[in-house]
>>> print(open('target26.tsv').read())   # TSV, C-alpha atoms
chain	number	residue	atom	x	y	z
Z	195	MET	CA	-15.12	26.89	16.56
Z	196	ASP	CA	-11.36	26.84	16.17
Z	197	VAL	CA	-11.32	23.80	13.87
Z	198	VAL	CA	-14.05	21.91	12.03
Z	199	ILE	CA	-13.30	18.61	10.32
Z	200	VAL	CA	-15.66	17.36	7.63
Z	201	GLY	CA	-15.92	13.55	7.63
Z	202	ALA	CA	-15.90	11.10	10.53
Z	203	GLY	CA	-14.13	8.26	8.81
Z	204	ILE	CA	-10.90	6.89	10.24
Z	205	VAL	CA	-8.72	9.71	8.82
Z	206	GLY	CA	-10.97	12.53	10.04
Z	207	LEU	CA	-11.27	10.94	13.47
Z	208	ALA	CA	-7.51	10.41	13.74
Z	209	VAL	CA	-6.90	14.04	12.75
Z	210	GLY	CA	-9.37	15.31	15.36
Z	211	ARG	CA	-7.77	13.16	18.03
Z	212	GLU	CA	-4.24	14.35	17.19
Z	213	LEU	CA	-5.17	18.04	17.05
Z	214	LEU	CA	-6.77	17.84	20.50
Z	215	ARG	CA	-3.81	15.91	21.83
Z	216	ARG	CA	-1.45	18.68	20.73
Z	217	TRP	CA	-3.78	21.64	21.41
Z	218	PRO	CA	-6.01	20.54	24.32
Z	219	LYS	CA	-7.82	23.89	24.51
Z	220	LEU	CA	-9.07	23.82	20.92
Z	221	GLN	CA	-12.76	24.09	20.23
Z	222	LEU	CA	-13.06	21.29	17.69
Z	223	ALA	CA	-15.92	19.48	15.99
Z	224	LEU	CA	-16.25	16.80	13.34
Z	225	VAL	CA	-19.33	16.87	11.13
Z	226	GLU	CA	-20.55	13.70	9.45
Z	227	LYS	CA	-23.52	13.38	7.11
Z	228	GLU	CA	-24.31	9.81	8.15
Z	229	SER	CA	-26.01	8.89	11.41
Z	230	GLU	CA	-22.93	6.99	12.55
Z	231	ILE	CA	-19.17	7.24	12.20
Z	232	ALA	CA	-17.10	5.19	9.74
Z	233	ALA	CA	-20.14	4.45	7.58
Z	234	HIS	CA	-18.30	4.10	4.28
Z	235	GLN	CA	-14.70	3.12	3.43
Z	236	SER	CA	-13.59	2.95	7.07
Z	237	GLY	CA	-16.35	0.48	7.91
Z	238	HIS	CA	-16.23	-1.57	4.70
Z	239	ASN	CA	-12.56	-2.48	4.33
Z	240	SER	CA	-10.81	-5.84	4.62
Z	241	GLY	CA	-9.30	-5.09	8.04
Z	242	VAL	CA	-5.63	-5.45	7.06
Z	243	ILE	CA	-2.71	-3.77	8.84
Z	244	HIS	CA	-0.47	-3.20	5.84
Z	245	SER	CA	3.30	-3.28	6.26
Z	246	GLY	CA	4.32	-0.98	3.38
Z	247	ILE	CA	5.58	-3.33	0.66
Z	248	TYR	CA	3.83	-2.05	-2.46
Z	249	TYR	CA	4.48	1.67	-2.37
Z	250	ALA	CA	7.14	3.67	-4.18
Z	251	PRO	CA	10.04	4.46	-1.81
Z	252	GLY	CA	9.86	8.07	-0.65
Z	253	SER	CA	6.15	8.41	-1.38
Z	254	LEU	CA	3.71	9.53	1.30
Z	255	LYS	CA	2.09	6.11	1.18
Z	256	ALA	CA	5.39	4.38	1.87
Z	257	ARG	CA	6.46	6.69	4.69
Z	258	LEU	CA	3.09	6.96	6.38
Z	259	CYS	CA	2.17	3.28	6.06
Z	260	VAL	CA	5.37	2.04	7.70
Z	261	ALA	CA	5.21	4.64	10.48
Z	262	GLY	CA	1.43	4.35	10.78
Z	263	SER	CA	1.35	0.59	11.19
Z	264	ARG	CA	3.76	0.79	14.10
Z	265	ALA	CA	1.85	3.67	15.67
Z	266	LEU	CA	-1.44	1.84	15.22
Z	267	MET	CA	-0.17	-1.26	16.99
Z	268	ARG	CA	1.20	0.83	19.87
Z	269	TYR	CA	-2.17	2.55	20.16
Z	270	CYS	CA	-4.05	-0.76	20.13
Z	271	ASP	CA	-1.73	-2.15	22.80
Z	272	GLU	CA	-2.49	0.88	24.98
Z	273	ARG	CA	-6.24	0.73	24.37
Z	274	GLY	CA	-6.64	-3.04	24.51
Z	275	ILE	CA	-7.86	-3.32	20.90
Z	276	ARG	CA	-7.24	-6.76	19.49
Z	277	TYR	CA	-5.07	-7.29	16.42
Z	278	GLU	CA	-3.05	-10.19	15.08
Z	279	LEU	CA	0.14	-10.31	13.03
Z	280	CYS	CA	-0.88	-13.37	11.05
Z	281	GLY	CA	1.45	-12.61	8.13
Z	282	LYS	CA	0.97	-12.44	4.39
Z	283	VAL	CA	2.43	-14.26	1.40
Z	284	ILE	CA	2.54	-12.59	-2.02
Z	285	VAL	CA	2.55	-15.55	-4.39
Z	286	ALA	CA	4.02	-15.90	-7.87
Z	287	THR	CA	2.44	-18.68	-9.92
Z	288	ASP	CA	4.51	-18.35	-13.11
Z	289	GLU	CA	8.01	-17.28	-14.14
Z	290	ALA	CA	6.84	-13.97	-15.63
Z	291	GLU	CA	5.92	-12.73	-12.16
Z	292	LEU	CA	9.33	-13.33	-10.57
Z	293	PRO	CA	10.93	-9.99	-11.58
Z	294	ARG	CA	7.91	-8.16	-10.14
Z	295	LEU	CA	8.17	-10.19	-6.94
Z	296	ALA	CA	11.84	-9.22	-6.62
Z	297	GLU	CA	10.89	-5.57	-7.15
Z	298	LEU	CA	8.33	-5.80	-4.35
Z	299	ARG	CA	11.02	-7.08	-2.02
Z	300	ARG	CA	13.31	-4.22	-3.04
Z	301	ARG	CA	10.56	-1.68	-2.41
Z	302	GLY	CA	9.61	-3.18	0.93
Z	303	GLU	CA	13.18	-3.21	2.18
Z	304	ALA	CA	13.74	0.34	0.93
Z	305	ASN	CA	10.64	1.39	2.87
Z	306	GLY	CA	11.92	-0.19	6.09
Z	307	VAL	CA	9.52	-3.14	6.23
Z	308	ILE	CA	10.83	-5.60	8.80
Z	309	GLY	CA	11.27	-9.35	8.30
Z	310	LEU	CA	10.63	-9.71	4.56
Z	311	GLU	CA	11.66	-13.12	3.25
Z	312	GLU	CA	11.62	-14.46	-0.28
Z	313	ILE	CA	10.62	-18.11	-0.10
Z	314	GLY	CA	10.26	-21.17	-2.30
Z	315	PRO	CA	7.43	-23.70	-2.60
Z	316	GLU	CA	8.49	-25.74	0.42
Z	317	ARG	CA	8.43	-22.81	2.83
Z	318	LEU	CA	5.20	-21.58	1.25
Z	319	GLN	CA	3.64	-24.98	1.98
Z	320	GLU	CA	4.69	-24.67	5.62
Z	321	LEU	CA	3.01	-21.28	5.93
Z	322	GLU	CA	-0.05	-21.93	3.76
Z	323	PRO	CA	-0.46	-25.70	3.19
Z	324	TYR	CA	-3.25	-25.35	0.61
Z	325	CYS	CA	-1.64	-22.60	-1.44
Z	326	ARG	CA	0.32	-23.28	-4.63
Z	327	GLY	CA	3.04	-21.13	-6.15
Z	328	ILE	CA	6.58	-21.25	-7.50
Z	329	ARG	CA	7.90	-18.49	-5.23
Z	330	ALA	CA	6.54	-15.99	-2.71
Z	331	LEU	CA	7.39	-12.97	-0.61
Z	332	TYR	CA	6.57	-13.49	3.06
Z	333	SER	CA	5.71	-10.50	5.24
Z	334	PRO	CA	5.36	-11.64	8.87
Z	335	LYS	CA	4.46	-8.13	10.12
Z	336	THR	CA	1.26	-7.82	8.10
Z	337	GLY	CA	-1.76	-8.12	10.38
Z	338	ILE	CA	-5.52	-8.01	10.79
Z	339	ILE	CA	-7.71	-5.76	12.93
Z	340	ASP	CA	-11.24	-4.39	13.30
Z	341	TYR	CA	-10.96	-0.81	12.04
Z	342	LEU	CA	-14.46	0.02	13.20
Z	343	ALA	CA	-13.28	-0.62	16.78
Z	344	VAL	CA	-10.32	1.70	16.11
Z	345	CYS	CA	-12.67	4.40	14.81
Z	346	HIS	CA	-14.82	4.22	17.94
Z	347	ALA	CA	-11.71	4.44	20.11
Z	348	TYR	CA	-10.57	7.57	18.25
Z	349	ALA	CA	-14.06	9.06	18.68
Z	350	ASP	CA	-13.96	8.29	22.41
Z	351	ASP	CA	-10.60	10.07	22.66
Z	352	ILE	CA	-12.07	13.12	20.93
Z	353	GLY	CA	-15.01	13.22	23.30
Z	354	ALA	CA	-12.78	12.76	26.35
Z	355	ALA	CA	-10.64	15.70	25.18
Z	356	GLY	CA	-13.66	18.00	24.85
Z	357	GLY	CA	-14.23	17.70	21.11
Z	358	GLN	CA	-17.54	16.94	19.41
Z	359	VAL	CA	-18.50	14.39	16.77
Z	360	LEU	CA	-21.71	15.66	15.16
Z	361	THR	CA	-23.42	12.99	13.08
Z	362	GLY	CA	-26.39	13.46	10.78
Z	363	LEU	CA	-25.12	16.83	9.53
Z	364	GLU	CA	-24.51	17.04	5.81
Z	365	VAL	CA	-22.44	19.95	4.53
Z	366	THR	CA	-24.33	21.66	1.69
Z	367	GLY	CA	-22.17	24.74	1.17
Z	368	ILE	CA	-18.97	26.42	2.34
Z	369	SER	CA	-18.10	30.12	2.17
Z	370	LYS	CA	-15.44	32.43	3.54
Z	371	VAL	CA	-16.53	35.38	5.64
Z	372	GLY	CA	-13.60	37.56	6.61
Z	373	LYS	CA	-11.04	35.29	8.25
Z	374	SER	CA	-13.62	32.65	9.09
Z	375	VAL	CA	-15.07	29.72	7.17
Z	376	VAL	CA	-18.83	29.22	7.33
Z	377	LEU	CA	-20.33	25.80	6.64
Z	378	GLN	CA	-23.96	25.48	5.65
Z	379	THR	CA	-25.26	22.16	6.95
Z	380	THR	CA	-28.59	20.40	7.16
Z	381	GLY	CA	-28.58	21.42	10.84
Z	382	GLY	CA	-27.76	25.10	10.32
Z	383	GLU	CA	-24.59	27.21	9.95
Z	384	LEU	CA	-21.29	26.40	11.60
Z	385	GLU	CA	-18.48	28.98	11.73
Z	386	THR	CA	-14.84	28.09	12.25
Z	387	ARG	CA	-11.39	29.63	12.06
Z	388	CYS	CA	-9.92	26.60	10.28
Z	389	LEU	CA	-11.40	23.84	8.14
Z	390	ILE	CA	-10.03	20.37	7.36
Z	391	THR	CA	-11.94	18.11	4.99
Z	392	CYS	CA	-11.59	14.34	5.06
Z	393	ALA	CA	-14.67	13.55	3.01
Z	394	GLY	CA	-13.63	10.31	1.31
Z	395	LEU	CA	-16.14	9.47	-1.42
Z	396	TYR	CA	-17.15	13.13	-1.58
Z	397	SER	CA	-13.72	14.73	-1.14
Z	398	ASP	CA	-13.75	16.39	-4.59
Z	399	ARG	CA	-17.25	17.82	-4.16
Z	400	VAL	CA	-16.55	19.19	-0.69
Z	401	ALA	CA	-13.26	20.69	-1.88
Z	402	ALA	CA	-15.08	22.36	-4.77
Z	403	MET	CA	-17.42	24.06	-2.28
Z	404	THR	CA	-14.43	26.10	-1.08
Z	405	GLY	CA	-13.41	27.10	-4.60
Z	406	ALA	CA	-10.70	24.42	-4.88
Z	407	PRO	CA	-10.33	22.56	-8.20
Z	408	ARG	CA	-12.64	19.59	-8.77
Z	409	GLU	CA	-9.71	17.52	-9.98
Z	410	PRO	CA	-8.54	15.04	-9.05
Z	411	GLN	CA	-12.09	13.75	-9.34
Z	412	ILE	CA	-13.39	10.82	-7.34
Z	413	VAL	CA	-14.56	7.82	-9.36
Z	414	PRO	CA	-16.18	5.09	-7.23
Z	415	PHE	CA	-15.15	1.47	-7.74
Z	416	ARG	CA	-17.07	-1.28	-6.01
Z	417	GLY	CA	-15.36	-4.39	-4.70
Z	418	ASP	CA	-17.40	-7.51	-3.94
Z	419	TYR	CA	-16.22	-10.30	-1.67
Z	420	TYR	CA	-17.10	-13.92	-1.22
Z	421	VAL	CA	-16.44	-15.63	2.11
Z	422	LEU	CA	-15.24	-19.16	2.73
Z	423	ARG	CA	-17.75	-21.54	4.23
Z	424	PRO	CA	-17.02	-21.74	7.99
Z	425	GLU	CA	-15.93	-25.37	7.65
Z	426	CYS	CA	-13.28	-24.27	5.12
Z	427	ALA	CA	-11.83	-21.35	7.08
Z	428	GLY	CA	-8.84	-23.49	8.08
Z	429	LEU	CA	-7.67	-23.53	4.47
Z	430	VAL	CA	-6.14	-20.08	5.03
Z	431	ARG	CA	-3.82	-19.35	7.96
Z	432	GLY	CA	-2.98	-15.73	7.20
Z	433	MET	CA	-3.26	-13.79	3.96
Z	434	ILE	CA	-2.58	-14.87	0.38
Z	435	TYR	CA	-2.07	-12.09	-2.17
Z	436	PRO	CA	-1.23	-12.05	-5.88
Z	437	VAL	CA	1.78	-10.37	-7.42
Z	438	PRO	CA	0.41	-7.05	-8.76
Z	439	ASP	CA	0.07	-6.85	-12.53
Z	440	PRO	CA	1.31	-3.49	-13.89
Z	441	ALA	CA	-1.17	-3.82	-16.76
Z	442	PHE	CA	-4.06	-3.65	-14.30
Z	443	PRO	CA	-4.80	-0.65	-12.07
Z	444	PHE	CA	-6.01	-2.71	-9.07
Z	445	LEU	CA	-4.47	-5.50	-7.04
Z	446	GLY	CA	-6.65	-8.52	-7.89
Z	447	VAL	CA	-8.44	-11.06	-5.72
Z	448	HIS	CA	-6.82	-12.32	-2.54
Z	449	PHE	CA	-7.50	-14.34	0.62
Z	450	THR	CA	-7.79	-12.44	3.91
Z	451	ARG	CA	-8.43	-13.81	7.37
Z	452	ARG	CA	-10.67	-11.67	9.56
Z	453	ILE	CA	-10.00	-10.78	13.19
Z	454	GLU	CA	-13.52	-11.89	14.16
Z	455	GLY	CA	-13.05	-15.20	12.33
Z	456	GLY	CA	-13.66	-16.38	8.81
Z	457	VAL	CA	-11.92	-15.61	5.51
Z	458	TRP	CA	-12.83	-13.01	2.87
Z	459	LEU	CA	-12.11	-13.76	-0.79
Z	460	GLY	CA	-11.69	-10.86	-3.21
Z	461	PRO	CA	-12.41	-8.14	-3.96
Z	462	ASN	CA	-12.86	-7.57	-7.63
Z	463	ALA	CA	-12.94	-3.97	-8.90
Z	464	VAL	CA	-15.79	-2.67	-11.03
Z	465	LEU	CA	-17.20	0.77	-11.69
Z	466	ALA	CA	-19.89	1.61	-9.15
Z	467	PHE	CA	-22.95	3.32	-10.58
Z	468	ALA	CA	-23.27	5.45	-7.44
Z	469	ARG	CA	-20.80	6.83	-4.92
Z	470	GLU	CA	-22.55	4.73	-2.32
Z	471	GLY	CA	-23.21	1.88	-4.75
Z	472	TYR	CA	-22.65	-1.09	-2.48
Z	473	GLU	CA	-25.18	-3.18	-4.42
Z	474	ARG	CA	-24.49	-4.26	-8.00
Z	475	LEU	CA	-27.48	-2.54	-9.51
Z	476	LYS	CA	-27.72	0.55	-7.32
Z	477	LEU	CA	-27.67	3.58	-9.59
Z	478	ASP	CA	-27.52	7.30	-8.87
Z	479	PRO	CA	-28.01	9.13	-12.19
Z	480	THR	CA	-26.12	12.23	-11.03
Z	481	ASP	CA	-23.12	10.20	-9.87
Z	482	LEU	CA	-23.04	8.01	-12.97
Z	483	ILE	CA	-23.39	10.88	-15.47
Z	484	GLU	CA	-20.65	12.78	-13.64
Z	485	THR	CA	-18.34	9.78	-13.97
Z	486	LEU	CA	-19.15	8.94	-17.59
Z	487	THR	CA	-18.72	12.54	-18.79
Z	488	PHE	CA	-15.41	13.04	-16.97
Z	489	ARG	CA	-12.62	13.03	-19.53
Z	490	GLY	CA	-10.30	11.29	-17.07
Z	491	PHE	CA	-12.66	8.33	-16.76
Z	492	GLN	CA	-13.16	8.22	-20.53
Z	493	GLU	CA	-9.39	7.94	-20.97
Z	494	LEU	CA	-9.14	5.27	-18.26
Z	495	ALA	CA	-11.95	3.28	-19.90
Z	496	ARG	CA	-10.28	3.57	-23.31
Z	497	ARG	CA	-7.03	2.23	-21.88
Z	498	TYR	CA	-8.45	-0.60	-19.75
Z	499	TRP	CA	-11.78	-1.54	-21.37
Z	500	ARG	CA	-10.82	-5.19	-21.91
Z	501	ILE	CA	-9.76	-5.60	-18.30
Z	502	GLY	CA	-12.85	-3.72	-17.16
Z	503	LEU	CA	-15.15	-6.06	-19.08
Z	504	ALA	CA	-13.36	-9.08	-17.60
Z	505	GLU	CA	-13.84	-7.66	-14.10
Z	506	MET	CA	-17.53	-7.08	-14.72
Z	507	TYR	CA	-17.93	-10.63	-16.04
Z	508	ARG	CA	-16.24	-12.01	-12.94
Z	509	ASP	CA	-18.47	-9.83	-10.79
Z	510	PHE	CA	-21.56	-11.59	-12.14
Z	511	SER	CA	-20.00	-15.04	-12.64
Z	512	LYS	CA	-19.18	-17.07	-9.54
Z	513	GLN	CA	-17.36	-19.60	-11.74
Z	514	ALA	CA	-15.05	-16.89	-13.10
Z	515	PHE	CA	-14.40	-15.59	-9.58
Z	516	LEU	CA	-13.63	-19.14	-8.42
Z	517	LYS	CA	-11.21	-19.65	-11.32
Z	518	ALA	CA	-9.21	-16.60	-10.24
Z	519	LEU	CA	-9.00	-17.99	-6.71
Z	520	GLN	CA	-8.05	-21.51	-7.86
Z	521	ARG	CA	-4.89	-20.11	-9.38
Z	522	TYR	CA	-3.59	-19.98	-5.80
Z	523	MET	CA	-5.75	-22.65	-4.14
Z	524	PRO	CA	-6.68	-25.35	-6.67
Z	525	ALA	CA	-8.67	-27.42	-4.15
Z	526	LEU	CA	-11.39	-24.75	-3.79
Z	527	GLN	CA	-14.84	-25.73	-5.04
Z	528	GLU	CA	-17.76	-23.54	-6.01
Z	529	ASN	CA	-19.82	-24.52	-2.96
Z	530	ASP	CA	-16.95	-23.39	-0.71
Z	531	LEU	CA	-17.76	-19.77	-1.63
Z	532	LEU	CA	-20.62	-17.92	0.05
Z	533	PRO	CA	-21.85	-14.41	-0.81
Z	534	GLY	CA	-19.98	-11.76	1.16
Z	535	PRO	CA	-19.92	-8.02	1.76
Z	536	SER	CA	-18.92	-5.22	-0.58
Z	537	GLY	CA	-17.15	-1.89	-0.34
Z	538	VAL	CA	-16.71	1.19	-2.50
Z	539	ARG	CA	-13.25	2.66	-3.06
Z	540	ALA	CA	-12.99	6.43	-3.52
Z	541	GLN	CA	-10.42	6.49	-6.30
Z	542	ALA	CA	-9.04	9.88	-7.31
Z	543	LEU	CA	-8.52	10.17	-11.04
Z	544	SER	CA	-6.62	12.84	-12.96
Z	545	ALA	CA	-7.88	14.44	-16.17
Z	546	ASP	CA	-5.47	12.32	-18.25
Z	547	GLY	CA	-7.01	9.10	-16.95
Z	548	LYS	CA	-4.30	8.15	-14.47
Z	549	LEU	CA	-5.19	6.78	-11.07
Z	550	VAL	CA	-3.78	9.08	-8.40
Z	551	ASP	CA	-1.63	6.63	-6.49
Z	552	ASP	CA	-0.28	8.62	-3.56
Z	553	PHE	CA	-2.05	10.36	-0.71
Z	554	VAL	CA	-2.91	13.94	-1.69
Z	555	ILE	CA	-3.33	16.74	0.88
Z	556	ASP	CA	-3.93	20.29	-0.38
Z	557	GLN	CA	-4.01	23.51	1.58
Z	558	GLU	CA	-4.95	27.13	0.94
Z	559	GLU	CA	-4.82	29.61	3.82
Z	560	ASN	CA	-7.03	28.26	6.61
Z	561	VAL	CA	-8.52	25.35	4.63
Z	562	MET	CA	-6.92	21.93	4.17
Z	563	HIS	CA	-8.29	19.08	2.03
Z	564	VAL	CA	-7.43	15.38	2.11
Z	565	ARG	CA	-8.07	14.79	-1.59
Z	566	ASN	CA	-6.98	11.16	-1.93
Z	567	ALA	CA	-6.67	8.66	0.89
Z	568	PRO	CA	-7.26	5.11	-0.37
Z	569	SER	CA	-5.66	2.00	1.13
Z	570	PRO	CA	-3.48	1.98	3.22
Z	571	ALA	CA	-5.11	5.06	4.80
Z	572	ALA	CA	-6.62	3.07	7.68
Z	573	THR	CA	-3.23	1.55	8.55
Z	574	SER	CA	-1.63	4.98	8.15
Z	575	SER	CA	-4.31	6.98	9.97
Z	576	LEU	CA	-2.24	8.06	12.97
Z	577	ALA	CA	0.73	9.00	10.79
Z	578	ILE	CA	-1.52	10.92	8.36
Z	579	ALA	CA	-2.99	12.72	11.37
Z	580	GLY	CA	0.49	13.60	12.57
Z	581	LEU	CA	1.41	15.03	9.17
Z	582	ILE	CA	-1.77	17.11	9.00
Z	583	ALA	CA	-1.26	18.34	12.56
Z	584	ASP	CA	2.30	19.38	11.68
Z	585	ARG	CA	1.01	21.41	8.72
Z	586	ALA	CA	-1.85	22.85	10.72
Z	587	GLY	CA	0.54	23.96	13.43
Z	588	GLU	CA	2.74	25.70	10.88
Z	589	THR	CA	0.00	27.54	9.01
Z	590	PHE	CA	-3.24	27.73	11.03
Z	591	GLY	CA	-1.91	29.75	13.96
Z	592	LEU	CA	-3.29	27.36	16.58
Z	593	GLY	CA	-0.86	28.48	19.27
Z	594	ASP	CA	1.64	26.51	21.30
Z	595	ALA	CA	1.37	22.75	21.02
Z	596	VAL	CA	2.45	19.89	23.23
Z	597	PRO	CA	5.35	17.92	21.70
Z	598	ALA	CA	4.49	15.89	18.59
Z	599	SER	CA	3.94	12.19	19.15
Z	600	LYS	CA	5.83	9.30	17.60
Z	601	ASP	CA	2.98	9.03	15.12
Z	602	THR	CA	4.36	12.01	13.18
Z	603	VAL	CA	6.65	11.40	10.23
>>> encode(input="target26.tsv", output="C-alpha cells")
Amino acid sequence: MDVVIVGAGIVGLAVGRELLRRWPKLQLALVEKESEIAAHQSGHNSGVIHSGIYYAPGSLKARLCVAGSRALMRYCDERGIRYELCGKVIVATDEAELPRLAELRRRGEANGVIGLEEIGPERLQELEPYCRGIRALYSPKTGIIDYLAVCHAYADDIGAAGGQVLTGLEVTGISKVGKSVVLQTTGGELETRCLITCAGLYSDRVAAMTGAPREPQIVPFRGDYYVLRPECAGLVRGMIYPVPDPAFPFLGVHFTRRIEGGVWLGPNAVLAFAREGYERLKLDPTDLIETLTFRGFQELARRYWRIGLAEMYRDFSKQAFLKALQRYMPALQENDLLPGPSGVRAQALSADGKLVDDFVIDQEENVMHVRNAPSPAATSSLAIAGLIADRAGETFGLGDAVPASKDTV
C-alpha cells in the first residue's frame, strides 16, 4: 500500500477521499475496527453545521470550521445530500453574560462568519417565539445535516476512486521495517509506505503504537440527550444555545433541531467509565483506571469537581436537566422530555489538566497522527482533509498531484 489510514470516521474518510482526488493512482486503504463506518463520534453527534463563532481567531478550529462549512455545503449540493440552514441563537439570560456575548460576536466576525446579528428580546421572539432572553447573537448560516449520510458519500467516493474501506480490522500493533510501516491487525499484517491515523477515541493509544508520546491523552466524556415529544417539536424553529461559561469546560445544554425531524435537548457532559461508554453504567476497568490514574485528569477533577458533581446529578435527575432547559424555555414541562440518545466525546487532555482546545495533527517522517479532532471536526472534515493532504504532499513523497481543491485552507 502507498497509504493506510486508521479510522473510518468522518475525518479519516474525508482524508482518504482527498488523497485519492489529488493522487488518483495511489493504493490506499482505510482500516476500521468496527463492522461499519462512522460507528462512534461521527455517528453519534448532534448533526450541526457549525459556522465558526466560538473559536479563537487564527486557530485551526476557526480557519478550518469556516472554510469547512462552506466546502461541506458545496459538496452536499453536488451530491444531493440534504441540509438546512435553520439558524442558531446564542441567548443571554442575565446581564453578566452580555460581555461574553459581545466577545462571541467579535470572534465570529474576526473568523469571517457571515450574517452575524446581535438582537434584542423582540427579534429573538420573532425567531424563537418560546425562547426567553435579554439579548442574543443570531447566526443565520448555522445549519443541520445527517453526518452519517456524508460519511457514506465519502466512502462511496473512495471506492469509486479505487480505494478500500476495510471494516472489522482492529489495529493491534504498529512497527517500522526499513522505510515501510507494518500494521498488525486482527486480519493479518498490512504494509504501507505512509500511515495516517484518525482514530478518535483511541487516537492516543494508536499513536503510542508508533512510539509517539501518549499525551495528550484521551479522556472520554459522555453526553446524554433528551428529545422533545413529537407534539412539542414546533417549540423550536432552529437552534437555541447558551452563552458559554468560561468557568466550565463544556458548552452546556442546548436545543437542536434534527434534519430528519424532532428536537434534541442537551447534552450534558460527564466522565464516561469506558471509551465506548454510551450507557450510564457501562464500565471498562482498563479505560477507567487509565483515566483515574492520569495526572492530567486528576488536575482537571481537582479544578472542576463541583461542576462535575453538578453535571452527574443532572445526568441522573430529569428535574435538574429540565431546570437547565427552562432557563431558556420556561414553558417546558417534565413530560415534554423523552429519553434520547447519547454520545462519547474523545477529549484530549494535557498533563497539566487543561483541555486541548484546538485540532492537533502531529507528524514524524512517514507517519501522521490526528491527535485531537472534537467538534467542529465533522463540519470541518473537508478542510481538515485538505490540510492533511497538503502536508502529506510536502513530506510523504506521493508524486505529482492534481491541483488542490477549494476545501484546502
>>> atom_distance(input="target26.tsv", atom1="atom CA of Z:Leu363", atom2="atom CA of Z:Gly381")
5.9 Å
>>> atom_distance(input="target26.tsv", atom1="atom CA of Z:Val225", atom2="atom CA of Z:Val413")
22.9 Å
>>> residues_around(input="target26.tsv", residues="Z:Val596", least_positions_apart="6", cutoff="9 Å", atoms="only C-alpha atoms", output="number ranges by chain")
Z: 215-218
>>> atom_distance(input="target26.tsv", atom1="atom CA of Z:Pro414", atom2="atom CA of Z:Gly432")
28.6 Å
>>> closest_residue(input="target26.tsv", among="Z:Leu318, Z:Leu389, Z:Ile338, Z:Ala572", to="Z:Ala208", atoms="only C-alpha atoms")
Z:Ala572
>>> closest_residue(input="target26.tsv", among="Z:Gly471, Z:Gly203, Z:Gly367, Z:Gly372", to="Z:His346", atoms="only C-alpha atoms")
Z:Gly203
